[in-house]
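Text of query22.txt (compact mmCIF, C-alpha atoms and all ligand atoms) as supplied:
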# COMPACT_ATOMS: atom_id res chain seq x y z
CA MET A 1 -43.57 52.06 11.23
CA LYS A 2 -45.86 50.69 13.92
CA ILE A 3 -47.51 53.40 16.02
CA ASP A 4 -49.24 52.58 19.32
CA ILE A 5 -51.22 55.38 20.95
CA VAL A 6 -52.17 54.51 24.52
CA LYS A 7 -53.76 56.17 27.53
CA ALA A 8 -51.30 58.22 29.60
CA THR A 9 -51.80 55.85 32.52
CA ASP A 10 -50.75 52.88 30.34
CA PHE A 11 -47.84 54.58 28.59
CA ALA A 12 -45.01 53.33 30.80
CA SER A 13 -46.35 49.81 31.33
CA LYS A 14 -47.26 49.28 27.66
CA SER A 15 -43.84 50.54 26.57
CA ALA A 16 -42.13 48.29 29.08
CA TYR A 17 -44.22 45.31 27.99
CA LEU A 18 -43.34 45.76 24.30
CA VAL A 19 -39.64 46.34 24.98
CA GLY A 20 -39.58 43.42 27.42
CA GLU A 21 -41.10 41.12 24.79
CA GLU A 22 -38.41 42.15 22.31
CA ILE A 23 -35.63 41.55 24.84
CA LYS A 24 -37.04 38.10 25.65
CA ARG A 25 -37.46 37.25 21.96
CA LEU A 26 -33.83 38.14 21.27
CA GLN A 27 -32.62 36.27 24.34
CA LYS A 28 -34.15 33.12 22.85
CA ILE A 29 -32.42 33.45 19.49
CA LEU A 30 -29.11 35.23 20.06
CA ASP A 31 -26.06 33.27 21.13
CA ARG A 32 -24.64 36.45 22.67
CA ASN A 33 -25.88 39.14 24.99
CA VAL A 34 -28.55 41.55 23.77
CA ASN A 35 -27.01 44.99 23.18
CA MET A 36 -29.32 47.72 24.31
CA VAL A 37 -29.04 51.51 24.22
CA LEU A 38 -31.03 53.47 26.77
CA ALA A 39 -32.26 57.03 26.58
CA THR A 40 -32.80 59.30 29.55
CA GLY A 41 -35.11 62.21 30.33
CA HIS A 42 -38.52 62.55 31.97
CA THR A 43 -40.18 60.30 29.38
CA MET A 44 -38.09 57.33 30.46
CA ILE A 45 -38.43 57.40 34.26
CA GLU A 46 -41.62 55.37 34.71
CA PHE A 47 -40.86 53.21 31.71
CA LEU A 48 -37.55 52.12 33.23
CA ASP A 49 -39.25 51.35 36.52
CA GLU A 50 -41.88 49.22 34.77
CA LEU A 51 -39.21 47.51 32.70
CA SER A 52 -37.29 46.58 35.83
CA LYS A 53 -40.35 44.66 37.05
CA ILE A 54 -40.82 42.51 33.96
CA LYS A 55 -40.49 38.83 34.68
CA ASP A 56 -38.29 36.46 32.71
CA ILE A 57 -35.81 39.00 31.37
CA ASP A 58 -32.33 37.63 31.92
CA TRP A 59 -30.68 40.88 33.03
CA LYS A 60 -27.29 39.20 33.11
CA ARG A 61 -27.50 38.68 29.35
CA ILE A 62 -27.84 42.32 28.35
CA ASN A 63 -25.04 44.76 27.55
CA PHE A 64 -26.21 48.28 28.24
CA PHE A 65 -25.08 51.50 26.59
CA HIS A 66 -26.55 54.95 26.64
CA LEU A 67 -27.25 57.50 24.01
CA ASP A 68 -25.65 60.56 25.47
CA GLU A 69 -24.11 62.27 28.47
CA TYR A 70 -23.26 65.75 29.64
CA LYS A 71 -19.67 66.61 28.91
CA GLY A 72 -17.24 66.24 31.76
CA LEU A 73 -19.61 64.79 34.38
CA THR A 74 -18.43 61.69 36.18
CA CYS A 75 -20.83 58.75 36.23
CA SER A 76 -21.42 59.34 39.93
CA HIS A 77 -22.45 62.99 39.50
CA VAL A 78 -26.12 63.18 40.52
CA SER A 79 -27.05 64.98 37.30
CA SER A 80 -25.21 62.61 34.97
CA TYR A 81 -27.17 60.28 32.78
CA GLY A 82 -25.05 57.44 34.15
CA TYR A 83 -26.42 58.22 37.61
CA PHE A 84 -29.94 58.58 36.20
CA LEU A 85 -29.79 55.11 34.69
CA THR A 86 -28.30 53.60 37.83
CA GLU A 87 -31.08 55.12 39.93
CA ASN A 88 -33.91 54.29 37.57
CA LEU A 89 -32.85 50.86 36.35
CA PHE A 90 -29.50 49.34 37.25
CA SER A 91 -30.04 49.55 40.99
CA LYS A 92 -33.21 47.48 40.50
CA VAL A 93 -31.92 44.62 38.32
CA ASP A 94 -29.02 42.20 38.53
CA THR A 95 -27.04 43.18 35.43
CA PRO A 96 -23.35 42.81 36.27
CA LYS A 97 -21.37 46.06 36.36
CA GLU A 98 -19.11 44.91 33.54
CA ASN A 99 -22.13 44.79 31.19
CA ILE A 100 -22.95 48.45 31.80
CA HIS A 101 -21.07 50.86 29.54
CA PHE A 102 -21.47 54.48 30.48
CA VAL A 103 -20.33 57.20 28.09
CA CYS A 104 -18.65 58.91 31.06
CA ASP A 105 -16.26 55.96 31.46
CA PHE A 106 -15.00 56.00 27.87
CA ASP A 107 -13.38 58.16 25.25
CA LYS A 108 -16.05 59.23 22.75
CA ASP A 109 -14.16 57.68 19.84
CA GLU A 110 -13.91 54.34 21.67
CA TYR A 111 -17.54 54.05 22.64
CA MET A 112 -19.14 53.01 19.35
CA LYS A 113 -16.18 50.74 18.67
CA ILE A 114 -17.11 48.75 21.75
CA VAL A 115 -20.75 48.60 20.64
CA ARG A 116 -19.67 47.27 17.26
CA GLU A 117 -17.25 44.73 18.75
CA LYS A 118 -20.14 43.34 20.79
CA GLY A 119 -22.29 42.89 17.69
CA GLY A 120 -24.00 46.26 17.21
CA ILE A 121 -27.11 47.72 18.77
CA ASP A 122 -30.04 45.30 18.93
CA ILE A 123 -32.49 47.65 20.64
CA ALA A 124 -32.27 51.41 21.05
CA MET A 125 -34.68 53.42 23.17
CA LEU A 126 -35.36 56.95 21.96
CA GLY A 127 -37.16 59.99 23.28
CA ILE A 128 -37.50 63.26 21.43
CA GLY A 129 -36.37 66.77 22.27
CA MET A 130 -38.62 69.77 21.66
CA ASP A 131 -36.63 70.64 18.52
CA GLY A 132 -36.90 67.08 17.22
CA HIS A 133 -33.49 65.93 18.42
CA LEU A 134 -32.58 62.32 19.13
CA GLY A 135 -29.85 61.89 21.73
CA PHE A 136 -28.44 65.41 21.70
CA ASN A 137 -28.25 65.74 17.91
CA GLU A 138 -29.81 69.15 17.67
CA PRO A 139 -30.56 71.05 14.49
CA PRO A 140 -29.08 72.83 12.68
CA ASN A 141 -25.46 72.21 13.70
CA TYR A 142 -25.41 68.64 14.94
CA SER A 143 -28.22 66.80 13.15
CA ASN A 144 -26.35 65.61 10.09
CA PHE A 145 -27.88 62.27 9.12
CA ASP A 146 -24.34 60.92 8.54
CA GLY A 147 -23.22 62.12 11.97
CA ARG A 148 -21.28 59.91 14.36
CA MET A 149 -20.62 60.18 18.08
CA GLN A 150 -19.86 63.83 18.73
CA GLU A 151 -19.54 66.63 21.20
CA VAL A 152 -22.31 69.21 20.97
CA LYS A 153 -23.27 72.57 22.44
CA LEU A 154 -26.86 72.54 23.67
CA ARG A 155 -29.54 74.97 22.54
CA PRO A 156 -31.47 77.19 24.98
CA GLU A 157 -34.75 75.22 24.78
CA THR A 158 -32.93 71.98 25.56
CA ILE A 159 -31.17 73.63 28.47
CA GLU A 160 -34.56 74.77 29.74
CA ASN A 161 -36.06 71.27 29.40
CA ASN A 162 -33.23 69.68 31.34
CA ILE A 163 -32.36 72.30 33.96
CA ASP A 164 -34.54 70.70 36.65
CA MET A 165 -32.43 67.54 36.43
CA TYR A 166 -29.10 69.32 35.94
CA PRO A 167 -29.15 72.75 37.62
CA GLU A 168 -25.57 73.58 36.57
CA ILE A 169 -26.34 73.00 32.90
CA LEU A 170 -26.12 76.75 32.20
CA ASP A 171 -22.43 76.65 33.13
CA ASN A 172 -21.80 73.49 31.12
CA PRO A 173 -24.12 73.41 28.10
CA TYR A 174 -22.14 70.64 26.39
CA ALA A 175 -22.76 66.96 25.83
CA ILE A 176 -21.48 63.86 24.05
CA THR A 177 -24.03 62.00 21.96
CA MET A 178 -24.23 59.04 19.63
CA GLY A 179 -24.69 60.44 16.11
CA MET A 180 -27.70 60.05 13.87
CA ALA A 181 -25.95 57.41 11.77
CA ASP A 182 -25.00 55.46 14.91
CA ILE A 183 -28.64 55.48 16.05
CA MET A 184 -29.96 54.44 12.63
CA GLU A 185 -27.69 51.39 12.59
CA SER A 186 -29.69 49.91 15.48
CA LYS A 187 -31.62 46.82 14.47
CA LYS A 188 -34.75 47.84 16.38
CA LEU A 189 -35.78 51.27 17.61
CA PHE A 190 -38.42 52.08 20.20
CA PHE A 191 -39.47 55.73 20.04
CA LEU A 192 -41.38 56.99 23.08
CA ALA A 193 -43.09 60.34 23.60
CA ASN A 194 -45.71 61.56 26.02
CA LYS A 195 -47.36 64.82 27.12
CA VAL A 196 -49.14 67.41 25.00
CA LYS A 197 -46.04 69.58 24.61
CA LYS A 198 -44.57 66.87 22.33
CA ALA A 199 -47.63 66.62 20.02
CA GLU A 200 -46.47 69.13 17.41
CA ILE A 201 -42.89 67.87 17.13
CA VAL A 202 -44.07 64.25 17.06
CA LYS A 203 -46.35 65.11 14.14
CA GLN A 204 -43.51 66.81 12.28
CA ALA A 205 -41.15 63.92 12.96
CA LEU A 206 -43.50 61.11 11.98
CA LYS A 207 -45.64 62.70 9.27
CA GLY A 208 -43.63 65.64 7.96
CA PRO A 209 -40.81 65.76 5.41
CA ILE A 210 -37.61 63.87 6.21
CA THR A 211 -35.14 66.62 6.97
CA GLU A 212 -32.12 67.32 9.16
CA ASP A 213 -34.09 70.31 10.50
CA ILE A 214 -36.28 67.76 12.33
CA PRO A 215 -33.70 65.07 13.16
CA ALA A 216 -36.23 62.48 14.33
CA SER A 217 -37.90 62.56 10.91
CA ILE A 218 -35.18 60.13 9.79
CA LEU A 219 -37.05 57.45 11.74
CA GLN A 220 -39.47 57.28 8.81
CA LYS A 221 -36.67 55.57 6.89
CA HIS A 222 -35.84 52.94 9.51
CA PRO A 223 -37.21 49.47 8.67
CA ASN A 224 -37.91 48.44 12.26
CA VAL A 225 -39.18 51.22 14.45
CA GLU A 226 -41.99 50.97 16.96
CA VAL A 227 -43.54 54.20 18.21
CA ILE A 228 -45.36 54.39 21.53
CA LEU A 229 -47.19 57.63 22.32
CA ASP A 230 -49.63 58.64 24.97
CA GLU A 231 -52.89 60.16 23.71
CA GLU A 232 -51.60 63.69 24.24
CA ALA A 233 -48.34 63.27 22.31
CA GLY A 234 -50.25 61.44 19.57
CA SER A 235 -53.11 63.94 19.41
CA MET A 236 -51.97 65.66 16.21
CA LEU A 237 -51.30 62.56 14.11
C1 LIG A 301 -32.63 65.02 26.38
C2 LIG A 301 -32.01 63.70 26.03
C3 LIG A 301 -32.79 62.97 24.96
C4 LIG A 301 -34.25 62.92 25.36
C5 LIG A 301 -34.77 64.32 25.48
C6 LIG A 301 -36.22 64.37 25.86
O1 LIG A 301 -32.36 65.98 25.44
N1 LIG A 301 -30.68 63.86 25.59
O2 LIG A 301 -32.27 61.69 24.78
O3 LIG A 301 -34.98 62.23 24.38
O4 LIG A 301 -34.02 64.94 26.51
O5 LIG A 301 -36.33 64.46 27.22
P1 LIG A 301 -37.64 64.42 28.06
O6 LIG A 301 -38.04 62.99 28.10
O7 LIG A 301 -37.20 64.94 29.38
O8 LIG A 301 -38.63 65.28 27.38
Written as C-alpha cells, how would this file's structure read?
Ligand code: GLP
Amino acid sequence: MKIDIVKATDFASKSAYLVGEEIKRLQKILDRNVNMVLATGHTMIEFLDELSKIKDIDWKRINFFHLDEYKGLTCSHVSSYGYFLTENLFSKVDTPKENIHFVCDFDKDEYMKIVREKGGIDIAMLGIGMDGHLGFNEPPNYSNFDGRMQEVKLRPETIENNIDMYPEILDNPYAITMGMADIMESKKLFFLANKVKKAEIVKQALKGPITEDIPASILQKHPNVEVILDEEAGSML
C-alpha cells in the first residue's frame, strides 16, 4: 500500500494529479473506456474540481459510476449524490451523458451487472466514514467483506456527518451502496482522507487488525491501493 501524506493545501491537487495520471495511463493501454467509480462527501469536493482541470484526460473515454446513493432520491434531487457529482464534476467536463451511470437511474441488482459488462472497475475513489465505512457499508450490520450491492439503514453518526448536505436525511436514513466485495474487485483504489477528525479511524483502518468492525481495514489486503492523506488525517500513522 502506497501512502502519501501531503499538506492540507496540496491534498486536492495532489490527489487529482495522481488519479489523472492513472486515467491517462489506462487511456493509453486500454482498447475500451476506463471504468471509474466516484465517491462523494466533503473530502471529494475540491478533488473533483482539481480533477476537472487536468489536461489531456479524454473525458469521452471514461464510463462513470458511483459508489452509493440515498434511497429513493431522483438524480436531480439537490441532495442526491447524482446531483453532487453533476455539480462537482460532470458539469465541468465533456463526458457524454450515456457514459454516466447513476445509481438512481438503475435497479440495484442491475447496477454491478452493467459495471461487469463494461469490463469491471478500473479505478475506484474512496473516502472513509467516521465508523470506518466505505460507500455506506457500515458496521456491524452491513460491512460483511463478502457483501454485494445492498440497501442499508444509516447510523446516527453518519446521519450527523451528512445532514448539512441532505437536511431530510433524518426522515430517510436509507441508502443503496456497492458492497465491500464489489469495491475490492476494483483494479485500482484511491483512498482519500483529510481533516483531523479522520486521524483515529484512518489509523485503525490502515494499521489496525483487518476486521469487519472497521470495514476500510480490508484495504490492507488489496494489491493496488494508493492512499492520499493530508497531514491531519495522517497524523496518527
Ligand atoms: C458518506 C459517503 C462515503 C464517504 C463518507 C465520508 O458516508 N457515503 O462514500 O466516504 O461519507 O464523507 P466525508 O468526505 O463527507 O467525510
*Rounded to one decimal in Å, what is the spacing between atom CA of A:Ile228 and atom CA of A:Val78?*
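It comes out at 28.4 Å.
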Each residue of chain A lying at most 8 Å from ligand LIG 301 (chain A) should get a row with its shortest atom-to-atom pair and the distance in Å to one decimal, counting all atoms listed in the file; could you produce that, ordered by chain and increasing number, as a Markdown table?
| residue | atom | partner | partner_atom | distance |
| --- | --- | --- | --- | --- |
| A:Ala39 | CA | A:LIG301 | O2 | 5.0 |
| A:Thr40 | CA | A:LIG301 | O2 | 5.4 |
| A:Gly41 | CA | A:LIG301 | O7 | 3.6 |
| A:His42 | CA | A:LIG301 | O7 | 3.8 |
| A:Thr43 | CA | A:LIG301 | O6 | 3.7 |
| A:Met44 | CA | A:LIG301 | O6 | 6.1 |
| A:Leu67 | CA | A:LIG301 | O2 | 6.6 |
| A:Asp68 | CA | A:LIG301 | N1 | 6.0 |
| A:Glu69 | CA | A:LIG301 | N1 | 7.3 |
| A:Leu126 | CA | A:LIG301 | O3 | 5.8 |
| A:Gly127 | CA | A:LIG301 | O3 | 3.3 |
| A:Ile128 | CA | A:LIG301 | O3 | 4.0 |
| A:Gly129 | CA | A:LIG301 | C6 | 4.3 |
| A:Met130 | CA | A:LIG301 | C6 | 7.2 |
| A:His133 | CA | A:LIG301 | O1 | 7.1 |
| A:Leu134 | CA | A:LIG301 | O2 | 5.7 |
| A:Gly135 | CA | A:LIG301 | O2 | 3.9 |
| A:Phe136 | CA | A:LIG301 | N1 | 4.7 |
| A:Thr158 | CA | A:LIG301 | O1 | 6.0 |
| A:Asn161 | CA | A:LIG301 | O7 | 6.4 |
| A:Asn162 | CA | A:LIG301 | O7 | 6.5 |
| A:Thr177 | CA | A:LIG301 | N1 | 7.8 |
| A:Ala193 | CA | A:LIG301 | O6 | 7.3 |
| A:Lys198 | CA | A:LIG301 | O8 | 8.0 |
*Quick one: distance from atom CA of A:Met36 to atom CA of A:His66 in Å, one decimal?*
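A separation of 8.1 Å between them.
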Edge lengths and centre in Å to one decimal, as lines of an AutoDock Vina configuration file, is what I'm after for the box along x, y and z that holds all listed atoms of stretch 109-125 of chain A once 6 Å is added on each side.
center_x = -24.3
center_y = 50.3
center_z = 20.2
size_x = 32.8
size_y = 26.8
size_z = 18.0
Interface rows for stretch 127-237 of chain A against stretch 11-25 of chain A: nearest pair, Å to one decimal, 8 Å, all atoms listed in the file, as JSON lines:
{"residue": "A:Phe190", "atom": "CA", "partner": "A:Val19", "partner_atom": "CA", "distance": 7.6}
{"residue": "A:Leu192", "atom": "CA", "partner": "A:Ser15", "partner_atom": "CA", "distance": 7.7}
{"residue": "A:Asn194", "atom": "CA", "partner": "A:Phe11", "partner_atom": "CA", "distance": 7.7}
{"residue": "A:Ile228", "atom": "CA", "partner": "A:Ser15", "partner_atom": "CA", "distance": 6.5}
{"residue": "A:Leu229", "atom": "CA", "partner": "A:Phe11", "partner_atom": "CA", "distance": 7.0}
{"residue": "A:Asp230", "atom": "CA", "partner": "A:Phe11", "partner_atom": "CA", "distance": 5.7}
*In terms of the shortest atom-to-atom distance over only C-alpha atoms, which of A:Glu87, A:Glu185, A:Glu138, A:Asp131 is closest to A:Ala199?*
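For A:Ala199, the nearest of the candidates is A:Asp131.
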*So which residues touch A:Gly120 within 12 Å, counting only C-alpha atoms, skipping near sequence neighbours fewer than 5 positions away, as a PyMOL selection string?*
chain A and resi 32-37+63-65+111-115+182-188
_Show me, as a list in words, the residues that have an atom within 12 Å of A:Asp31 when counting only C-alpha atoms, minus same-chain residues fewer than 5 positions from it._
Leu26, Arg61, Ile62, Lys118 and Gly119 of chain A
Contacts of A:Ile218 at 10 Å or less, counting all atoms listed in the file, minus same-chain residues fewer than 4 places along, as a PDB file with C-alpha atoms, keeping the file's coordinate frame?
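Output contents, as saved in selection_36.pdb:
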ATOM      1  CA  LEU A 134     -32.580  62.320  19.130  1.00  0.00           C
ATOM      2  CA  PHE A 145     -27.880  62.270   9.120  1.00  0.00           C
ATOM      3  CA  MET A 180     -27.700  60.050  13.870  1.00  0.00           C
ATOM      4  CA  ALA A 181     -25.950  57.410  11.770  1.00  0.00           C
ATOM      5  CA  MET A 184     -29.960  54.440  12.630  1.00  0.00           C
ATOM      6  CA  ALA A 205     -41.150  63.920  12.960  1.00  0.00           C
ATOM      7  CA  LEU A 206     -43.500  61.110  11.980  1.00  0.00           C
ATOM      8  CA  PRO A 209     -40.810  65.760   5.410  1.00  0.00           C
ATOM      9  CA  ILE A 210     -37.610  63.870   6.210  1.00  0.00           C
ATOM     10  CA  THR A 211     -35.140  66.620   6.970  1.00  0.00           C
ATOM     11  CA  GLU A 212     -32.120  67.320   9.160  1.00  0.00           C
ATOM     12  CA  ILE A 214     -36.280  67.760  12.330  1.00  0.00           C
ATOM     13  CA  HIS A 222     -35.840  52.940   9.510  1.00  0.00           C
TER      14      HIS A 222
END
_Distance criterion (only C-alpha atoms): nearest to A:Leu73 out of A:Gly234, A:Pro223, A:Gly179, A:Pro173_ =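 Of A:Gly234, A:Pro223, A:Gly179, A:Pro173, the one nearest A:Leu73 is A:Pro173, counting only C-alpha atoms.
Of note, atom CA of A:Val152 and atom CA of A:Ile176 are spaced 6.2 Å apart.
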*Find, counting all atoms listed in the file, the residue in A:Met165, A:Glu232, A:Met1, A:Gln27 that gets nearest to A:Ser217.*
A:Met1
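When all atoms listed in the file are used to measure the gap to A:Lys53, the shortest distance among A:Leu154, A:Ala124, A:Leu89, A:Leu237 belongs to A:Leu89.
Across A:Ile3, A:Ile201, A:Ala175, A:Val93, the tightest approach to A:Leu48 is made by A:Val93 when counting only C-alpha atoms.
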*Determine, counting only C-alpha atoms, which protein, DNA and RNA residues have an atom within 10 Å of an atom of A:Lys97; residues of the same chain fewer than 3 positions away are not included. Present the result as a PyMOL selection string.*
chain A and resi 60+63-64+90+94+100-101
*With all atoms listed in the file as the atoms that count, which of A:Ser79, A:Asp49, A:Met178, A:Asp58 lies nearest to A:Asn144?*
A:Met178
